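S.K.: Coordinates in data.csv, CSV, C-alpha atoms and all ligand atoms, are listed below.
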chain,number,residue,atom,x,y,z
A,1,MET,CA,-37.7,-22.1,-68.2
A,2,THR,CA,-39.0,-24.6,-70.8
A,3,GLY,CA,-42.4,-26.1,-70.9
A,4,THR,CA,-41.0,-29.3,-69.4
A,5,PRO,CA,-42.7,-30.1,-66.0
A,6,SER,CA,-40.3,-29.9,-63.1
A,7,PRO,CA,-39.1,-33.3,-61.8
A,8,ASP,CA,-40.3,-32.1,-58.4
A,9,ALA,CA,-43.8,-32.5,-59.7
A,10,THR,CA,-43.5,-36.2,-60.3
A,11,PRO,CA,-45.3,-38.6,-58.0
A,12,GLU,CA,-41.9,-40.2,-57.2
A,13,ALA,CA,-40.5,-36.9,-55.9
A,14,ALA,CA,-43.7,-36.2,-54.0
A,15,ALA,CA,-43.5,-39.4,-52.1
A,16,PRO,CA,-42.5,-39.2,-48.4
A,17,ALA,CA,-38.8,-39.8,-47.9
A,18,ALA,CA,-39.1,-42.3,-45.0
A,19,ARG,CA,-40.2,-45.8,-46.0
A,20,VAL,CA,-40.1,-49.3,-44.7
A,21,ALA,CA,-37.4,-51.4,-46.3
A,22,LEU,CA,-36.8,-55.2,-46.3
A,23,VAL,CA,-33.2,-56.4,-47.0
A,24,THR,CA,-32.6,-60.1,-47.3
A,25,GLY,CA,-29.3,-61.8,-46.3
A,26,ALA,CA,-28.7,-58.8,-44.1
A,27,ALA,CA,-26.9,-60.5,-41.1
A,28,ARG,CA,-23.5,-59.6,-42.6
A,29,GLY,CA,-21.6,-58.5,-45.7
A,30,ILE,CA,-23.2,-56.5,-48.4
A,31,GLY,CA,-26.8,-57.0,-47.0
A,32,ALA,CA,-25.7,-55.6,-43.6
A,33,ALA,CA,-24.2,-52.6,-45.2
A,34,ILE,CA,-27.3,-51.9,-47.4
A,35,ALA,CA,-29.5,-52.3,-44.3
A,36,GLN,CA,-27.4,-49.8,-42.4
A,37,ARG,CA,-27.3,-47.3,-45.3
A,38,LEU,CA,-31.1,-47.4,-45.9
A,39,ALA,CA,-31.6,-46.8,-42.1
A,40,ALA,CA,-29.2,-43.9,-42.3
A,41,ASP,CA,-31.2,-42.5,-45.2
A,42,GLY,CA,-34.2,-42.5,-42.8
A,43,HIS,CA,-36.0,-45.8,-43.6
A,44,ALA,CA,-37.1,-48.3,-41.0
A,45,VAL,CA,-35.5,-51.7,-42.0
A,46,GLY,CA,-36.6,-55.3,-41.8
A,47,VAL,CA,-33.2,-57.1,-41.4
A,48,LEU,CA,-33.9,-60.7,-42.7
A,49,ASP,CA,-31.6,-63.7,-42.6
A,50,ILE,CA,-31.9,-67.4,-42.1
A,51,THR,CA,-32.4,-66.8,-38.3
A,52,ALA,CA,-33.4,-63.7,-36.5
A,53,ASP,CA,-30.6,-64.2,-34.0
A,54,ALA,CA,-28.0,-63.9,-36.8
A,55,CYS,CA,-29.4,-60.4,-37.5
A,56,GLY,CA,-28.6,-59.1,-34.0
A,57,ASP,CA,-25.4,-57.2,-34.9
A,58,THR,CA,-27.0,-55.4,-37.9
A,59,VAL,CA,-30.1,-54.4,-35.9
A,60,ALA,CA,-27.9,-53.2,-33.0
A,61,ALA,CA,-25.7,-51.1,-35.4
A,62,ILE,CA,-28.9,-49.5,-36.8
A,63,THR,CA,-30.5,-48.8,-33.5
A,64,ALA,CA,-27.2,-47.5,-32.0
A,65,ALA,CA,-27.1,-45.0,-34.8
A,66,GLY,CA,-30.6,-43.8,-34.0
A,67,GLY,CA,-32.5,-45.9,-36.7
A,68,ARG,CA,-35.3,-48.3,-36.5
A,69,ALA,CA,-35.0,-52.0,-37.4
A,70,VAL,CA,-36.4,-55.4,-36.7
A,71,ALA,CA,-34.7,-58.8,-37.0
A,72,LEU,CA,-36.5,-61.3,-39.1
A,73,GLY,CA,-35.7,-65.0,-39.5
A,74,ALA,CA,-36.6,-66.8,-42.7
A,75,ASP,CA,-35.1,-69.0,-45.4
A,76,VAL,CA,-36.0,-66.9,-48.5
A,77,ALA,CA,-36.6,-70.1,-50.5
A,78,ASP,CA,-39.4,-71.2,-48.1
A,79,ALA,CA,-42.7,-69.5,-49.1
A,80,ALA,CA,-44.4,-69.9,-45.7
A,81,ALA,CA,-41.4,-68.6,-43.8
A,82,VAL,CA,-41.2,-65.6,-46.1
A,83,GLU,CA,-44.9,-64.8,-45.5
A,84,ALA,CA,-44.5,-65.2,-41.8
A,85,ALA,CA,-41.5,-62.8,-41.7
A,86,LEU,CA,-43.3,-60.3,-43.9
A,87,SER,CA,-46.3,-60.3,-41.7
A,88,ARG,CA,-44.1,-59.6,-38.6
A,89,LEU,CA,-42.4,-56.7,-40.5
A,90,VAL,CA,-45.8,-55.2,-41.4
A,91,ASP,CA,-47.0,-55.6,-37.7
A,92,GLU,CA,-43.8,-54.1,-36.2
A,93,LEU,CA,-42.6,-51.4,-38.7
A,94,GLY,CA,-45.3,-51.2,-41.4
A,95,ALA,CA,-45.7,-52.3,-45.0
A,96,PRO,CA,-42.5,-52.4,-46.9
A,97,THR,CA,-42.2,-50.4,-50.2
A,98,ILE,CA,-38.4,-50.9,-50.6
A,99,LEU,CA,-37.0,-54.4,-51.2
A,100,VAL,CA,-33.4,-55.5,-51.6
A,101,ASN,CA,-33.0,-59.2,-52.7
A,102,ASN,CA,-29.5,-59.8,-51.5
A,103,ALA,CA,-29.5,-63.3,-49.8
A,104,GLY,CA,-27.1,-65.5,-51.6
A,105,ILE,CA,-24.8,-68.5,-51.3
A,106,ILE,CA,-22.1,-70.1,-53.5
A,107,ARG,CA,-21.4,-73.8,-54.1
A,108,ASP,CA,-18.5,-73.4,-56.6
A,109,ASN,CA,-17.1,-76.3,-58.6
A,110,LEU,CA,-16.1,-77.1,-62.2
A,111,LEU,CA,-19.1,-78.4,-64.1
A,112,PHE,CA,-18.0,-82.0,-64.2
A,113,LYS,CA,-17.7,-82.0,-60.4
A,114,MET,CA,-20.8,-80.0,-59.7
A,115,THR,CA,-23.5,-82.0,-57.9
A,116,GLU,CA,-27.2,-81.6,-58.4
A,117,ASP,CA,-27.4,-80.4,-54.9
A,118,ASP,CA,-24.9,-77.6,-55.6
A,119,TRP,CA,-27.0,-76.6,-58.6
A,120,ASP,CA,-30.3,-76.7,-56.8
A,121,ALA,CA,-29.1,-74.9,-53.6
A,122,VAL,CA,-27.7,-71.9,-55.5
A,123,LEU,CA,-30.6,-71.5,-57.9
A,124,SER,CA,-33.0,-71.9,-55.0
A,125,VAL,CA,-31.6,-69.2,-52.7
A,126,HIS,CA,-31.0,-66.6,-55.4
A,127,LEU,CA,-33.8,-67.1,-57.9
A,128,ARG,CA,-36.6,-68.9,-56.0
A,129,GLY,CA,-35.8,-66.7,-53.0
A,130,ALA,CA,-36.0,-63.4,-55.0
A,131,PHE,CA,-39.2,-64.7,-56.7
A,132,LEU,CA,-40.9,-65.6,-53.4
A,133,VAL,CA,-39.9,-62.4,-51.5
A,134,THR,CA,-40.7,-60.1,-54.4
A,135,ARG,CA,-44.1,-61.8,-55.0
A,136,ALA,CA,-45.0,-61.3,-51.4
A,137,VAL,CA,-43.7,-57.7,-51.0
A,138,GLN,CA,-45.0,-56.3,-54.4
A,139,ALA,CA,-48.6,-56.4,-53.1
A,140,HIS,CA,-47.7,-53.7,-50.5
A,141,MET,CA,-45.9,-51.6,-53.2
A,142,VAL,CA,-48.8,-51.8,-55.6
A,143,ALA,CA,-51.2,-50.9,-52.8
A,144,ALA,CA,-49.0,-47.9,-52.0
A,145,GLY,CA,-48.5,-46.9,-55.7
A,146,TRP,CA,-44.8,-46.7,-55.0
A,147,GLY,CA,-41.9,-49.1,-54.7
A,148,ARG,CA,-38.3,-49.8,-55.2
A,149,ILE,CA,-36.8,-53.3,-55.9
A,150,VAL,CA,-33.1,-53.8,-56.0
A,151,ASN,CA,-31.8,-57.3,-56.9
A,152,LEU,CA,-28.2,-58.4,-56.4
A,153,SER,CA,-26.7,-59.8,-59.6
A,154,SER,CA,-22.9,-60.2,-60.1
A,155,THR,CA,-20.2,-59.8,-62.7
A,156,SER,CA,-20.3,-63.6,-62.7
A,157,ALA,CA,-23.6,-63.3,-64.7
A,158,LEU,CA,-21.2,-62.8,-67.7
A,159,GLY,CA,-19.7,-66.2,-67.0
A,160,ASN,CA,-17.1,-67.4,-64.5
A,161,ARG,CA,-15.1,-70.6,-64.3
A,162,GLY,CA,-16.3,-72.8,-61.5
A,163,GLN,CA,-19.6,-71.0,-61.1
A,164,ALA,CA,-22.0,-72.5,-63.6
A,165,ASN,CA,-24.8,-72.5,-61.0
A,166,TYR,CA,-24.0,-69.1,-59.6
A,167,ALA,CA,-23.5,-67.5,-63.1
A,168,ALA,CA,-26.9,-68.9,-64.2
A,169,ALA,CA,-28.6,-67.6,-61.1
A,170,LYS,CA,-27.0,-64.1,-61.4
A,171,ALA,CA,-27.9,-63.9,-65.1
A,172,GLY,CA,-31.4,-65.0,-64.0
A,173,MET,CA,-31.6,-62.1,-61.5
A,174,GLN,CA,-31.1,-59.7,-64.4
A,175,GLY,CA,-34.0,-61.3,-66.4
A,176,LEU,CA,-36.2,-61.2,-63.3
A,177,THR,CA,-35.3,-57.5,-62.7
A,178,LYS,CA,-36.2,-56.5,-66.3
A,179,THR,CA,-39.5,-58.4,-66.1
A,180,LEU,CA,-40.4,-56.8,-62.8
A,181,ALA,CA,-39.7,-53.4,-64.3
A,182,LEU,CA,-42.1,-54.1,-67.1
A,183,GLU,CA,-44.9,-55.5,-65.0
A,184,LEU,CA,-44.7,-53.2,-62.0
A,185,GLY,CA,-43.7,-49.9,-63.6
A,186,ARG,CA,-47.4,-48.8,-64.0
A,187,TYR,CA,-47.8,-49.0,-60.2
A,188,GLY,CA,-44.9,-46.6,-59.5
A,189,VAL,CA,-42.5,-49.5,-58.8
A,190,THR,CA,-39.0,-49.5,-60.2
A,191,ALA,CA,-36.8,-52.6,-60.3
A,192,ASN,CA,-33.0,-52.5,-60.9
A,193,ALA,CA,-30.1,-54.8,-60.4
A,194,ILE,CA,-26.6,-54.3,-59.0
A,195,ALA,CA,-23.9,-56.5,-60.4
A,196,PRO,CA,-20.9,-56.3,-58.0
A,197,GLY,CA,-17.4,-57.3,-58.9
A,198,PHE,CA,-15.0,-58.4,-56.2
A,199,ILE,CA,-16.2,-57.3,-52.8
A,200,GLN,CA,-14.4,-58.2,-49.6
A,201,THR,CA,-16.9,-60.3,-47.5
A,202,ASP,CA,-17.3,-63.7,-46.0
A,203,MET,CA,-18.4,-65.0,-49.5
A,204,THR,CA,-15.0,-64.1,-51.1
A,205,ARG,CA,-13.2,-65.4,-48.0
A,206,GLN,CA,-15.0,-68.7,-48.6
A,207,THR,CA,-13.8,-68.8,-52.2
A,208,ALA,CA,-10.2,-68.1,-51.1
A,209,ALA,CA,-10.4,-70.9,-48.5
A,210,ARG,CA,-11.8,-73.3,-51.0
A,211,ILE,CA,-8.9,-72.8,-53.4
A,212,GLY,CA,-6.4,-72.7,-50.5
A,213,VAL,CA,-5.1,-69.2,-51.0
A,214,PRO,CA,-4.7,-66.8,-48.0
A,215,PHE,CA,-7.3,-64.1,-48.2
A,216,ASP,CA,-4.9,-61.2,-48.4
A,217,GLU,CA,-3.1,-62.8,-51.4
A,218,PHE,CA,-6.5,-63.5,-53.0
A,219,VAL,CA,-7.5,-59.8,-52.6
A,220,ALA,CA,-4.2,-58.7,-54.0
A,221,ALA,CA,-4.6,-60.9,-57.1
A,222,ALA,CA,-8.1,-59.7,-57.6
A,223,THR,CA,-7.0,-56.1,-57.2
A,224,ARG,CA,-4.4,-56.4,-60.0
A,225,GLU,CA,-7.3,-57.0,-62.4
A,226,ILE,CA,-9.5,-54.0,-61.2
A,227,PRO,CA,-9.0,-50.7,-63.1
A,228,VAL,CA,-9.5,-48.5,-60.0
A,229,GLY,CA,-6.8,-50.4,-58.2
A,230,ARG,CA,-8.7,-51.6,-55.1
A,231,ALA,CA,-11.1,-54.3,-54.1
A,232,GLY,CA,-14.7,-53.3,-53.5
A,233,THR,CA,-16.4,-52.9,-50.1
A,234,PRO,CA,-19.9,-53.6,-48.9
A,235,ASP,CA,-20.4,-49.8,-48.6
A,236,ASP,CA,-19.6,-49.4,-52.4
A,237,ILE,CA,-22.7,-51.6,-53.1
A,238,ALA,CA,-24.8,-49.9,-50.4
A,239,ALA,CA,-24.2,-46.5,-52.1
A,240,ALA,CA,-25.5,-47.9,-55.4
A,241,ALA,CA,-28.5,-49.5,-53.7
A,242,ALA,CA,-29.3,-46.2,-51.9
A,243,PHE,CA,-29.4,-44.4,-55.3
A,244,PHE,CA,-31.9,-46.9,-56.8
A,245,CYS,CA,-34.1,-46.6,-53.7
A,246,ALA,CA,-34.1,-42.8,-53.7
A,247,PRO,CA,-37.3,-40.9,-54.5
A,248,GLU,CA,-35.5,-39.1,-57.4
A,249,ALA,CA,-34.6,-42.4,-59.1
A,250,GLY,CA,-38.2,-43.0,-60.1
A,251,PHE,CA,-37.4,-42.8,-63.9
A,252,VAL,CA,-34.5,-45.4,-63.6
A,253,SER,CA,-35.9,-48.9,-64.0
A,254,GLY,CA,-34.9,-52.3,-65.5
A,255,GLN,CA,-31.2,-51.4,-65.4
A,256,VAL,CA,-28.2,-53.4,-64.4
A,257,LEU,CA,-25.4,-51.4,-62.8
A,258,TYR,CA,-22.0,-53.0,-62.7
A,259,VAL,CA,-20.2,-51.8,-59.5
A,260,ALA,CA,-16.9,-53.4,-60.2
A,261,GLY,CA,-14.2,-50.8,-60.3
A,262,GLY,CA,-14.2,-50.7,-64.1
A,263,PRO,CA,-15.5,-52.6,-67.1
A,264,ARG,CA,-14.9,-56.3,-67.4
A,265,ALA,CA,-12.9,-57.1,-70.5
A,301,LIG,P1,-22.3,-63.2,-47.5
A,301,LIG,O1,-21.3,-62.4,-46.7
A,301,LIG,O2,-22.1,-64.7,-47.6
A,301,LIG,O3,-23.7,-62.9,-46.9
A,301,LIG,C1,-24.9,-63.5,-47.5
A,301,LIG,C2,-26.0,-63.5,-46.4
A,301,LIG,O4,-27.1,-64.2,-47.0
A,301,LIG,C3,-25.6,-64.4,-45.2
A,301,LIG,O5,-25.9,-63.7,-44.0
A,301,LIG,C4,-26.4,-65.6,-45.4
A,301,LIG,O6,-26.7,-66.3,-44.2
A,301,LIG,C5,-27.6,-65.1,-46.1
A,301,LIG,N1,-28.4,-66.2,-46.7
A,301,LIG,C6,-27.9,-67.2,-47.4
A,301,LIG,N2,-28.9,-68.1,-47.7
A,301,LIG,C7,-30.0,-67.5,-47.3
A,301,LIG,C8,-31.4,-67.9,-47.3
A,301,LIG,N3,-31.8,-69.0,-47.9
A,301,LIG,N4,-32.3,-67.1,-46.7
A,301,LIG,C9,-32.0,-66.0,-46.0
A,301,LIG,N5,-30.7,-65.6,-46.0
A,301,LIG,C10,-29.7,-66.3,-46.6
A,301,LIG,O7,-22.4,-62.7,-49.0
A,301,LIG,P2,-22.1,-61.2,-49.6
A,301,LIG,O8,-20.7,-61.3,-50.2
A,301,LIG,O9,-22.5,-60.2,-48.6
A,301,LIG,O10,-23.1,-61.3,-50.8
A,301,LIG,C11,-24.4,-60.7,-50.8
A,301,LIG,C12,-25.0,-60.7,-52.2
A,301,LIG,O11,-24.1,-60.1,-53.1
A,301,LIG,C13,-25.2,-62.2,-52.7
A,301,LIG,O12,-26.4,-62.2,-53.4
A,301,LIG,C14,-24.0,-62.4,-53.6
A,301,LIG,O13,-24.2,-63.4,-54.5
A,301,LIG,C15,-23.8,-61.0,-54.2
A,301,LIG,N6,-22.5,-60.7,-54.7
A,301,LIG,C16,-21.4,-60.7,-53.9
A,301,LIG,C17,-20.1,-60.5,-54.4
A,301,LIG,C18,-18.9,-60.5,-53.5
A,301,LIG,O14,-17.8,-60.3,-54.1
A,301,LIG,N7,-18.9,-60.6,-52.2
A,301,LIG,C19,-20.0,-60.2,-55.7
A,301,LIG,C20,-21.1,-60.2,-56.6
A,301,LIG,C21,-22.3,-60.4,-56.0
A,301,LIG,P3,-25.7,-67.5,-43.7
A,301,LIG,O15,-24.6,-66.8,-43.1
A,301,LIG,O16,-26.6,-68.3,-42.7
A,301,LIG,O17,-25.4,-68.3,-44.9
Output the structure of this file as structure tokens.
M.R.:
Amino acid sequence: MTGTPSPDATPEAAAPAARVALVTGAARGIGAAIAQRLAADGHAVGVLDITADACGDTVAAITAAGGRAVALGADVADAAAVEAALSRLVDELGAPTILVNNAGIIRDNLLFKMTEDDWDAVLSVHLRGAFLVTRAVQAHMVAAGWGRIVNLSSTSALGNRGQANYAAAKAGMQGLTKTLALELGRYGVTANAIAPGFIQTDMTRQTAARIGVPFDEFVAAATREIPVGRAGTPDDIAAAAAFFCAPEAGFVSGQVLYVAGGPRA
């Protein structure tokens, strides 16, 4: 034994295991996998997407597995809609102290063809959306003296041809994350980012369709560049999110975890 206090004595470890979580963009893809993983870990989950109806499958999967979830409809870039959805979550499941900012869109094009709408739409959903949802939810975390924020960045934050808007947004998510960690740490709130590489979802299907390549060929080409020799799955990202949300991750904050099957050259 040394004189170092046991980690079990920290406020983080003493916190109850079951929390209320809010996951945005959780109707499908990575968000749906994160919502289901957090529910499996014992949390009640607000499953938010543009419409509550779109969240039906995710909520059904959670409840079928014995978990608790509510479907919430809101455009994350609309402050009033976010507040209304949050108030429904508080009424139905309780105040959230776990937040995963996952909602996202792509509007890819080379810079000289990118429209102002393409730029504004992507920056709005990712950055304005994460800002609005986090600003609303942090009040509950600060009141509880405990919180976990996970933001979805991307390997595209390092630059990606055809994605000036998306790369800027995903780099912005990293700056937002580090600032949240600085501002909210004293209230027991951690903030971390996950930067996925190539994950098989509707988003990557959309990219394959845009460039006119069959999805299986697109996946095979991406896989050739991935050191672990496979494409990522939504569950790979959910596992990383579950770690950041765990009580014992209370000393991990302001980090960006690349979950991409190996380093990017
Ligand atoms: P996805 O399958 O397209 O799912 C994104 C979800 O977000 C959809 O259900 C979408 O709803 C929802 N959404 C979009 N705009 C919204 C808004 N304004 N308000 C609320 N919900 C909204 O995408 P994914 O691949 O799972 O990606 C999830 C996150 O991971 C995104 O932030 C993405 O940028 C990031 N990411 C993905 C990859 C990848 O390879 N797939 C890699 C790196 C990072 P609609 O269906 O109505 O649009």
S.K.: Tell me, as a PDB file with C-alpha atoms, keeping the file's coordinate frame, which residues lie within 9 Å of range 177-185 of chain A, counting only C-alpha atoms; anything in the same chain fewer than 4 positions away does not count.
M.R.:
ATOM      1  CA  GLN A 138     -45.000 -56.300 -54.400  1.00  0.00           C
ATOM      2  CA  VAL A 142     -48.800 -51.800 -55.600  1.00  0.00           C
ATOM      3  CA  GLY A 147     -41.900 -49.100 -54.700  1.00  0.00           C
ATOM      4  CA  ILE A 149     -36.800 -53.300 -55.900  1.00  0.00           C
ATOM      5  CA  VAL A 150     -33.100 -53.800 -56.000  1.00  0.00           C
ATOM      6  CA  ASN A 151     -31.800 -57.300 -56.900  1.00  0.00           C
ATOM      7  CA  GLY A 172     -31.400 -65.000 -64.000  1.00  0.00           C
ATOM      8  CA  MET A 173     -31.600 -62.100 -61.500  1.00  0.00           C
ATOM      9  CA  VAL A 189     -42.500 -49.500 -58.800  1.00  0.00           C
ATOM     10  CA  THR A 190     -39.000 -49.500 -60.200  1.00  0.00           C
ATOM     11  CA  ALA A 191     -36.800 -52.600 -60.300  1.00  0.00           C
ATOM     12  CA  ASN A 192     -33.000 -52.500 -60.900  1.00  0.00           C
ATOM     13  CA  ALA A 193     -30.100 -54.800 -60.400  1.00  0.00           C
ATOM     14  CA  SER A 253     -35.900 -48.900 -64.000  1.00  0.00           C
ATOM     15  CA  GLY A 254     -34.900 -52.300 -65.500  1.00  0.00           C
ATOM     16  CA  GLN A 255     -31.200 -51.400 -65.400  1.00  0.00           C
ATOM     17  CA  VAL A 256     -28.200 -53.400 -64.400  1.00  0.00           C
TER      18      VAL A 256
END
S.K.: Neighbours of range 109-111 of chain A within 12 Å (only C-alpha atoms; same-chain residues fewer than 4 positions away dropped), as a ChimeraX atom specification?
M.R.: /A:115-119,122,160-167,207,210-211
S.K.: Please identify every polymer residue within 8 Å of ligand LIG 301 (chain A), using all atoms listed in the file, and present the set as a PyMOL selection string.
M.R.: chain A and resi 24-32+48-51+54+73-78+101-106+124-126+129+152-156+166+170+195-204+232+234
S.K.: Create the file for the chosen residues now, containing C-alpha atoms and written as an mmCIF file, in the coordinates of the input.
M.R.:
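Heads up, here's the output in out10.cif:
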data_model
loop_
_atom_site.group_PDB
_atom_site.id
_atom_site.type_symbol
_atom_site.label_atom_id
_atom_site.label_comp_id
_atom_site.auth_asym_id
_atom_site.auth_seq_id
_atom_site.Cartn_x
_atom_site.Cartn_y
_atom_site.Cartn_z
ATOM 1 C CA THR A 24 -32.600 -60.100 -47.300
ATOM 2 C CA GLY A 25 -29.300 -61.800 -46.300
ATOM 3 C CA ALA A 26 -28.700 -58.800 -44.100
ATOM 4 C CA ALA A 27 -26.900 -60.500 -41.100
ATOM 5 C CA ARG A 28 -23.500 -59.600 -42.600
ATOM 6 C CA GLY A 29 -21.600 -58.500 -45.700
ATOM 7 C CA ILE A 30 -23.200 -56.500 -48.400
ATOM 8 C CA GLY A 31 -26.800 -57.000 -47.000
ATOM 9 C CA ALA A 32 -25.700 -55.600 -43.600
ATOM 10 C CA LEU A 48 -33.900 -60.700 -42.700
ATOM 11 C CA ASP A 49 -31.600 -63.700 -42.600
ATOM 12 C CA ILE A 50 -31.900 -67.400 -42.100
ATOM 13 C CA THR A 51 -32.400 -66.800 -38.300
ATOM 14 C CA ALA A 54 -28.000 -63.900 -36.800
ATOM 15 C CA GLY A 73 -35.700 -65.000 -39.500
ATOM 16 C CA ALA A 74 -36.600 -66.800 -42.700
ATOM 17 C CA ASP A 75 -35.100 -69.000 -45.400
ATOM 18 C CA VAL A 76 -36.000 -66.900 -48.500
ATOM 19 C CA ALA A 77 -36.600 -70.100 -50.500
ATOM 20 C CA ASP A 78 -39.400 -71.200 -48.100
ATOM 21 C CA ASN A 101 -33.000 -59.200 -52.700
ATOM 22 C CA ASN A 102 -29.500 -59.800 -51.500
ATOM 23 C CA ALA A 103 -29.500 -63.300 -49.800
ATOM 24 C CA GLY A 104 -27.100 -65.500 -51.600
ATOM 25 C CA ILE A 105 -24.800 -68.500 -51.300
ATOM 26 C CA ILE A 106 -22.100 -70.100 -53.500
ATOM 27 C CA SER A 124 -33.000 -71.900 -55.000
ATOM 28 C CA VAL A 125 -31.600 -69.200 -52.700
ATOM 29 C CA HIS A 126 -31.000 -66.600 -55.400
ATOM 30 C CA GLY A 129 -35.800 -66.700 -53.000
ATOM 31 C CA LEU A 152 -28.200 -58.400 -56.400
ATOM 32 C CA SER A 153 -26.700 -59.800 -59.600
ATOM 33 C CA SER A 154 -22.900 -60.200 -60.100
ATOM 34 C CA THR A 155 -20.200 -59.800 -62.700
ATOM 35 C CA SER A 156 -20.300 -63.600 -62.700
ATOM 36 C CA TYR A 166 -24.000 -69.100 -59.600
ATOM 37 C CA LYS A 170 -27.000 -64.100 -61.400
ATOM 38 C CA ALA A 195 -23.900 -56.500 -60.400
ATOM 39 C CA PRO A 196 -20.900 -56.300 -58.000
ATOM 40 C CA GLY A 197 -17.400 -57.300 -58.900
ATOM 41 C CA PHE A 198 -15.000 -58.400 -56.200
ATOM 42 C CA ILE A 199 -16.200 -57.300 -52.800
ATOM 43 C CA GLN A 200 -14.400 -58.200 -49.600
ATOM 44 C CA THR A 201 -16.900 -60.300 -47.500
ATOM 45 C CA ASP A 202 -17.300 -63.700 -46.000
ATOM 46 C CA MET A 203 -18.400 -65.000 -49.500
ATOM 47 C CA THR A 204 -15.000 -64.100 -51.100
ATOM 48 C CA GLY A 232 -14.700 -53.300 -53.500
ATOM 49 C CA PRO A 234 -19.900 -53.600 -48.900
#
S.K.: CA of Ala85 in chain A and CA of His140 in chain A, how far apart in Å?
M.R.: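 Distance reported for this atom pair: 14.1 Å.
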S.K.: Calculate how many Å separate CA of Ala80 in chain A from CA of Thr63 in chain A, rounding to one decimal.
M.R.: 28.1 Å
S.K.: Can you tell me, as number ranges by chain, what residues are no more than 10 Å from Ala143 in chain A when counting all atoms listed in the file, ignoring any on the same chain fewer than 5 positions away?
M.R.: A: 95, 97, 138, 187
S.K.: Please provide as an mmCIF file with C-alpha atoms, in the coordinates of the input all residues within 7 Å of Leu132 in chain A, with the sequence filter that same-chain residues fewer than 4 positions apart are discarded (counting all atoms listed in the file).
M.R.:
data_model
loop_
_atom_site.group_PDB
_atom_site.id
_atom_site.type_symbol
_atom_site.label_atom_id
_atom_site.label_comp_id
_atom_site.auth_asym_id
_atom_site.auth_seq_id
_atom_site.Cartn_x
_atom_site.Cartn_y
_atom_site.Cartn_z
ATOM 1 C CA ALA A 77 -36.600 -70.100 -50.500
ATOM 2 C CA ALA A 79 -42.700 -69.500 -49.100
ATOM 3 C CA ARG A 128 -36.600 -68.900 -56.000
ATOM 4 C CA ALA A 136 -45.000 -61.300 -51.400
#
S.K.: Would you pick out the contacts of range 239-241 of chain A at 8 Å or less, using all atoms listed in the file, so that residues sharing its chain but fewer than 2 positions from it are not included, and give the list as a ChimeraX atom specification?
M.R.: /A:34,37,150,194,235-237,243-245,259
S.K.: Can you work out the spacing between CA of Asp53 in chain A and CA of Gln36 in chain A in Å, to one decimal?
M.R.: 17.0 Å
S.K.: Looking at A:Cys55, A:Asp108, A:Ala222, A:Leu93, which one is nearest to Ala21 in chain A, with distances taken over only C-alpha atoms?
M.R.: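 Looking only at the distances to Ala21 in chain A, the closest residue turns out to be A:Leu93.
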S.K.: Between A:Gln174, A:Gly46, A:Gly159, A:Glu217, which residue has the minimum interatomic distance to Ala231 in chain A, considering all atoms listed in the file?
M.R.: A:Glu217
S.K.: Point out the residue among A:Ala168, A:Val70, A:Arg264, A:Gly42 with the least atom-to-atom distance to Asp91 in chain A, counting all atoms listed in the file.
M.R.: A:Val70
